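The next block holds one structure in the form of structure tokens; read it before the comments.
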Amino acid sequence: MIIVENLTKDFNKQTILKGINEQIEDGERLVIIGPSGSGKSTFLRCLNLLEKPTGGKIFVDDVDITAKGVDINAVRLKMGMVFQHFNLFPHKTVLGNLTLAPVQTGLMKKPEATEVAMELLKRVGLADKAKSYPVQLSGGQKQRVAIARSLAMRPRMMLFDEPTSALDPEMVGEVLDVMRDLATEGMTMVVVTHEMHFARDVGSRILFMCDGAIAEQGTPDQVFTNPKCERLQQFLTSISF
Amino acid sequence: MGLSFLSTPPPGWEEGFLFDVYRGLIRGNGWVSLLEGLGITMQIALGAVVIGVALGFALSLMRISKSKILKGVAAVYLSVIRGTPVVLQLFIWWFVVFAATGTTRLWVAIIAFGINSAAYVCEIFRGGIMSVDKGQTEAGRSLGLSGIKTMMFVVLPQALKNALPSLGNEFIMLIKETSVVGFIALVDLMRAANLIMSGTFEPVVPLFSAGILYWIVITILTQLLTLLERRLRRSDNR
Ligand SMILES: Nc1ncnc2c1ncn2[C@@H]1O[C@H](COP(=O)(O)OP(=O)(O)O)[C@@H](O)[C@H]1O
Ligand SMILES: [Mg+2]
């Protein structure tokens, strides 16, 4: 469980996150939507401390991860993150991408890590690409590898920052399918996305962010069929799905 | 060894350009001293590049570290080394620092050029590290790798690959720059040519011979470097 208390974040004296309060339960599939520049990525990146919060507190399983002396790496072990631009390691094979962190963090020995990696690659349908290098993959394949790479660390929660935004349209589906599978298995997920169908089908709760704050939140039904705040109504018409 | 048995010019070589070639390269075994000089040149450049790469690598890590002290030390180093002529540095190492230590001229030259080169190598490595996308570090860290392990296993392998061609260039530069070691009486290729010239009072043959030797070595290395770059680029889009 994650509890966010009055989270703020400044960049160069400019306040980007303006006091966010949120509670994310285990097994939830929280989908964050909102216009570009509203602070969605920043919020997500604060959750695993890729950005250092300016103010407020974040509790992960009752541990305040913003406190001094917290082992950031240990916190991150619990949370996988998938990026818009995949960020695969180009100098490693697909298999090497998956085994690097489990082995180097001491989570697994090489043979076990390899076995786990192959299993995951099978799951995302890319077992035959184990020996390939990232440049040899399509965008959709890259993102599936990136998801598998995060899963190799056996995280309890997955953060996705616009995982399909950099993909050609015909590749979006294959990545969303993998994410759907994860959701079905009960993985706790926080997903920033512009894929509204996905948000509606898979999300257990939707957050609408606007100007560094959560402007509205609720079940997919509430948010999509019955939006209250005007900005959300505008946003939903503007993306017209 | 050599062709010193030719103590008189071979028939037809008694005058003109051929005589100059004879007295410059053959009579006093000039060609041998040129090749020996080239050997010294290459030893200095190779030794210096090894020191330069090791020290330059350490400096680049200091420069990107969070410690103000390490950053400061590296900045002063770069500023001093790059702000003064390499010949001056060579003199200071030879006539001041190592003056009473009995260190050989060759070693002093290697150290002087190595320490000089490190300043430039440092910037090559730093550029290589900076050229690695920020997303790589974020991916590494988000997987739970420490900052150091992310550096070692994610950033540096890519940075070194990016830096390799520039390091090759630095070696080529060093070969040319070492031509001033004659100032501390080391007989490198340049100095060997100079000695022949002052023995025969004939400049064309020794100077052009030295020039051709430098050119051959550097051209071969440049070609190898181009090949290497092409290989690296190919592995980028394999
Ligand atoms: N590292 C940064 N430095 C300065 N400004 C930033 C940085 N990251 C994000 N911002 C700013 O914060 C705002 C929110 O960005 P972001 O969280 O990426 O929005 P979103 O993901 O919703 O599009 C933007 O105005 C962006 O310019
Ligand atoms: Mg974003």
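Identifiers in the structure tokens: chain A, B, ... in order shown; residue index from 1 per chain; ligand index from 1 in order shown.
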So that I can see what lies close to stretch 39-51 of chain B, please list as number ranges by chain the residues with an atom at most 12 Å from it, counting only C-alpha atoms and leaving out residues fewer than 6 positions away in the same chain. B: 32-33, 57-59, 105-122, 167-182, 185-192, 210, 213-214, 217-218, 221
Counting only C-alpha atoms and all ligand atoms, which protein, DNA or RNA residues come within 12 Å of ligand 2, given as number ranges by chain? A: 32-45, 83-85, 160-166, 191-194, 209, 212
Could you tell me which residues of chain B sit within 10 Å of chain A when counting only C-alpha atoms, and give me the result as a list of chain:residue names?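 Contact residues on the first chain: B:Asp133, B:Lys134, B:Gly135, B:Gln136, B:Thr137, B:Glu138, B:Ala139, B:Gly140, B:Arg141, B:Ser142, B:Leu143, B:Gly144, B:Leu145, B:Ser146, B:Gly147, B:Lys149, B:Thr150, B:Phe153, B:Val154, B:Val155, B:Pro157, B:Gln158, B:Lys161, B:Ser235, B:Asp236, B:Asn237, B:Arg238.
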I need the residues from that last selection saved to file as a CSV table (one decimal), in the first residue's frame (with N, CA and C atoms), if you can.
chain,number,residue,atom,x,y,z
B,133,ASP,N,22.3,8.3,-22.6
B,133,ASP,CA,20.9,8.9,-22.3
B,133,ASP,C,20.6,8.8,-20.8
B,134,LYS,N,20.0,9.8,-20.3
B,134,LYS,CA,19.6,9.8,-18.9
B,134,LYS,C,18.7,8.7,-18.5
B,135,GLY,N,17.9,8.3,-19.5
B,135,GLY,CA,16.9,7.2,-19.3
B,135,GLY,C,17.6,5.9,-18.9
B,136,GLN,N,18.9,5.7,-19.4
B,136,GLN,CA,19.6,4.5,-19.0
B,136,GLN,C,19.9,4.4,-17.5
B,137,THR,N,20.3,5.6,-16.9
B,137,THR,CA,20.5,5.6,-15.5
B,137,THR,C,19.2,5.4,-14.8
B,138,GLU,N,18.2,6.0,-15.3
B,138,GLU,CA,16.9,5.9,-14.6
B,138,GLU,C,16.4,4.5,-14.6
B,139,ALA,N,16.6,3.8,-15.8
B,139,ALA,CA,16.2,2.4,-15.9
B,139,ALA,C,17.0,1.6,-14.9
B,140,GLY,N,18.3,1.8,-14.8
B,140,GLY,CA,19.1,1.0,-13.9
B,140,GLY,C,18.7,1.3,-12.4
B,141,ARG,N,18.5,2.5,-12.1
B,141,ARG,CA,18.1,2.8,-10.7
B,141,ARG,C,16.8,2.3,-10.4
B,142,SER,N,15.8,2.4,-11.3
B,142,SER,CA,14.5,2.0,-11.0
B,142,SER,C,14.4,0.4,-10.8
B,143,LEU,N,15.4,-0.3,-11.4
B,143,LEU,CA,15.5,-1.7,-11.1
B,143,LEU,C,16.1,-2.1,-9.8
B,144,GLY,N,16.5,-1.0,-9.1
B,144,GLY,CA,17.1,-1.3,-7.7
B,144,GLY,C,18.6,-1.4,-7.7
B,145,LEU,N,19.2,-1.1,-8.9
B,145,LEU,CA,20.7,-1.1,-8.9
B,145,LEU,C,21.2,0.2,-8.2
B,146,SER,N,22.3,0.1,-7.5
B,146,SER,CA,22.8,1.3,-6.8
B,146,SER,C,23.4,2.2,-7.9
B,147,GLY,N,23.7,3.4,-7.5
B,147,GLY,CA,24.3,4.4,-8.4
B,147,GLY,C,25.6,3.9,-9.0
B,149,LYS,N,26.7,0.7,-9.3
B,149,LYS,CA,26.5,-0.5,-10.2
B,149,LYS,C,25.8,0.0,-11.5
B,150,THR,N,24.9,1.0,-11.4
B,150,THR,CA,24.4,1.5,-12.6
B,150,THR,C,25.5,2.1,-13.5
B,153,PHE,N,27.7,-1.0,-14.8
B,153,PHE,CA,27.1,-2.0,-15.7
B,153,PHE,C,26.3,-1.5,-16.8
B,154,VAL,N,25.8,-0.2,-16.6
B,154,VAL,CA,24.9,0.4,-17.6
B,154,VAL,C,25.6,1.5,-18.4
B,155,VAL,N,26.1,2.5,-17.6
B,155,VAL,CA,26.5,3.7,-18.3
B,155,VAL,C,27.9,3.6,-18.9
B,157,PRO,N,29.9,1.0,-19.9
B,157,PRO,CA,30.1,0.2,-21.1
B,157,PRO,C,29.7,1.0,-22.4
B,158,GLN,N,28.6,1.7,-22.3
B,158,GLN,CA,28.2,2.5,-23.4
B,158,GLN,C,29.1,3.7,-23.6
B,161,LYS,N,32.5,2.8,-25.2
B,161,LYS,CA,32.3,2.5,-26.6
B,161,LYS,C,32.2,3.9,-27.4
B,235,SER,N,27.8,-2.4,-35.1
B,235,SER,CA,27.2,-3.1,-33.9
B,235,SER,C,26.1,-2.2,-33.3
B,236,ASP,N,26.1,-1.0,-33.7
B,236,ASP,CA,25.0,-0.1,-33.2
B,236,ASP,C,23.7,-0.5,-33.8
B,237,ASN,N,23.7,-0.8,-35.1
B,237,ASN,CA,22.4,-1.1,-35.7
B,237,ASN,C,22.3,-2.6,-36.1
B,238,ARG,N,23.0,-3.4,-35.3
B,238,ARG,CA,22.9,-4.9,-35.7
B,238,ARG,C,21.5,-5.3,-35.5
List every residue of stretch 163-210 of chain A that DSSP, applied to the backbone, labels as strand (DSSP E or B), and write the result as a VMD selection string. chain A and resid 188 to 192 205 to 210
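Atom CA of A:Lys142 lies 14.0 Å from atom CA of A:Glu170.
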Atomic distance atom CA of B:Lys68 - atom CA of B:Ile81, expressed in Å with one decimal: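 Between atom CA of B:Lys68 and atom CA of B:Ile81 the gap works out to 19.9 Å.
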How many Å separate atom CA of B:Ser7 from atom CA of B:Arg27?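 If I compute the distance from atom CA of B:Ser7 to atom CA of B:Arg27, I get 6.2 Å.
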Which of A:Met108, A:Leu232, A:Leu30, A:Leu7 sits closest to A:Leu207 [using only C-alpha atoms]: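 Among the listed residues, the smallest separation from A:Leu207 belongs to A:Leu30.
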Based on DSSP run over this structure's backbone, return all residues of stretch 12-168 of chain B in alpha helix (DSSP H), as number ranges by chain. B: 16-21, 30-64, 68-82, 86-91, 105-130, 134-142, 147-150, 156-168
How about saving the chosen residues, C-alpha atoms kept, as a compact mmCIF listing (two decimals), in the first residue's frame?
# COMPACT_ATOMS: atom_id res chain seq x y z
CA GLY B 16 73.68 14.86 -56.19
CA PHE B 17 70.55 13.59 -54.45
CA LEU B 18 71.69 9.96 -54.31
CA PHE B 19 74.85 11.07 -52.52
CA ASP B 20 72.71 12.96 -50.02
CA VAL B 21 70.68 9.79 -49.46
CA GLY B 30 71.22 7.07 -40.36
CA TRP B 31 68.29 4.82 -41.26
CA VAL B 32 68.97 2.74 -38.17
CA SER B 33 68.94 5.78 -35.91
CA LEU B 34 65.73 6.99 -37.54
CA LEU B 35 64.03 3.66 -36.88
CA GLU B 36 65.39 3.60 -33.34
CA GLY B 37 64.06 7.11 -32.92
CA LEU B 38 60.68 5.98 -34.15
CA GLY B 39 60.84 3.20 -31.55
CA ILE B 40 61.40 5.77 -28.82
CA THR B 41 58.58 7.93 -30.19
CA MET B 42 56.19 4.98 -30.10
CA GLN B 43 57.30 3.93 -26.62
CA ILE B 44 56.60 7.39 -25.25
CA ALA B 45 53.25 7.65 -27.01
CA LEU B 46 52.15 4.17 -25.92
CA GLY B 47 53.31 4.61 -22.32
CA ALA B 48 51.69 8.03 -22.18
CA VAL B 49 48.41 6.84 -23.58
CA VAL B 50 48.23 4.06 -20.98
CA ILE B 51 48.85 6.53 -18.16
CA GLY B 52 46.57 9.06 -19.83
CA VAL B 53 43.67 6.64 -20.12
CA ALA B 54 43.94 5.36 -16.55
CA LEU B 55 44.42 8.79 -15.00
CA GLY B 56 41.98 10.48 -17.37
CA PHE B 57 39.32 7.92 -16.49
CA ALA B 58 39.80 8.58 -12.78
CA LEU B 59 39.69 12.33 -13.42
CA SER B 60 36.46 12.06 -15.40
CA LEU B 61 34.82 10.19 -12.53
CA MET B 62 36.05 12.88 -10.16
CA ARG B 63 34.61 15.54 -12.39
CA ILE B 64 31.15 14.03 -12.48
CA LYS B 68 33.05 19.27 -4.25
CA ILE B 69 36.62 18.40 -3.26
CA LEU B 70 37.10 15.76 -5.96
CA LYS B 71 35.48 18.02 -8.54
CA GLY B 72 37.76 20.88 -7.45
CA VAL B 73 40.93 18.81 -7.63
CA ALA B 74 40.03 17.62 -11.12
CA ALA B 75 39.18 21.14 -12.25
CA VAL B 76 42.51 22.53 -11.05
CA TYR B 77 44.35 19.66 -12.73
CA LEU B 78 42.66 20.29 -16.05
CA SER B 79 43.15 24.02 -15.81
CA VAL B 80 46.88 23.80 -15.06
CA ILE B 81 47.67 21.08 -17.59
CA ARG B 82 45.67 22.63 -20.39
CA VAL B 86 53.46 20.62 -22.83
CA VAL B 87 57.15 21.42 -23.43
CA LEU B 88 57.17 23.55 -20.31
CA GLN B 89 55.62 20.69 -18.37
CA LEU B 90 58.21 18.31 -19.78
CA PHE B 91 61.00 20.65 -18.61
CA ARG B 105 64.65 10.41 -19.68
CA LEU B 106 62.31 7.95 -21.32
CA TRP B 107 60.27 7.48 -18.17
CA VAL B 108 60.16 11.20 -17.47
CA ALA B 109 58.84 11.78 -20.99
CA ILE B 110 56.24 9.03 -20.61
CA ILE B 111 55.08 10.48 -17.30
CA ALA B 112 55.04 14.05 -18.60
CA PHE B 113 53.02 13.19 -21.67
CA GLY B 114 50.82 10.75 -19.77
CA ILE B 115 49.90 13.37 -17.22
CA ASN B 116 49.33 15.89 -19.98
CA SER B 117 47.21 13.51 -22.02
CA ALA B 118 45.09 12.58 -18.99
CA ALA B 119 43.58 16.05 -19.01
CA TYR B 120 42.33 15.58 -22.55
CA VAL B 121 41.32 11.95 -22.03
CA CYS B 122 39.32 13.07 -19.01
CA GLU B 123 37.20 15.28 -21.24
CA ILE B 124 36.82 12.49 -23.79
CA PHE B 125 35.50 10.14 -21.12
CA ARG B 126 33.29 12.81 -19.62
CA GLY B 127 31.80 13.46 -23.04
CA GLY B 128 31.29 9.72 -23.47
CA ILE B 129 29.51 9.45 -20.14
CA MET B 130 27.35 12.51 -20.79
CA LYS B 134 19.63 9.85 -18.88
CA GLY B 135 16.93 7.21 -19.30
CA GLN B 136 19.63 4.52 -19.01
CA THR B 137 20.53 5.62 -15.51
CA GLU B 138 16.87 5.90 -14.59
CA ALA B 139 16.19 2.39 -15.86
CA GLY B 140 19.12 1.03 -13.88
CA ARG B 141 18.14 2.84 -10.70
CA SER B 142 14.46 1.96 -11.02
CA GLY B 147 24.29 4.38 -8.40
CA ILE B 148 27.72 2.78 -8.60
CA LYS B 149 26.46 -0.45 -10.15
CA THR B 150 24.35 1.49 -12.63
CA LEU B 156 30.25 3.02 -18.56
CA PRO B 157 30.11 0.19 -21.11
CA GLN B 158 28.20 2.52 -23.43
CA ALA B 159 30.36 5.52 -22.58
CA LEU B 160 33.60 3.64 -23.30
CA LYS B 161 32.30 2.54 -26.65
CA ASN B 162 31.37 6.12 -27.47
CA ALA B 163 34.80 7.29 -26.38
CA LEU B 164 36.88 4.70 -28.22
CA PRO B 165 37.36 6.59 -31.51
CA SER B 166 38.35 9.77 -29.69
CA LEU B 167 40.84 7.81 -27.60
CA GLY B 168 42.40 6.51 -30.80
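Look at A:Val190: the protein and nucleic acid residues within 6 Å of it, using only C-alpha atoms and passing over chain neighbours fewer than 2 places away, are Arg29, Leu30, Val31 and Leu159 of chain A.
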Identify, on the basis of only C-alpha atoms, every residue whose closest approach to stretch 219-231 of chain A does not exceed 6 Å; exclude the query and any residue fewer than 3 positions from it along the same chain; express the result as a list in words.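 Near stretch 219-231 of chain A, the qualifying residues are Arg200, Arg205, Ile206, Gln234 and Phe235 of chain A.
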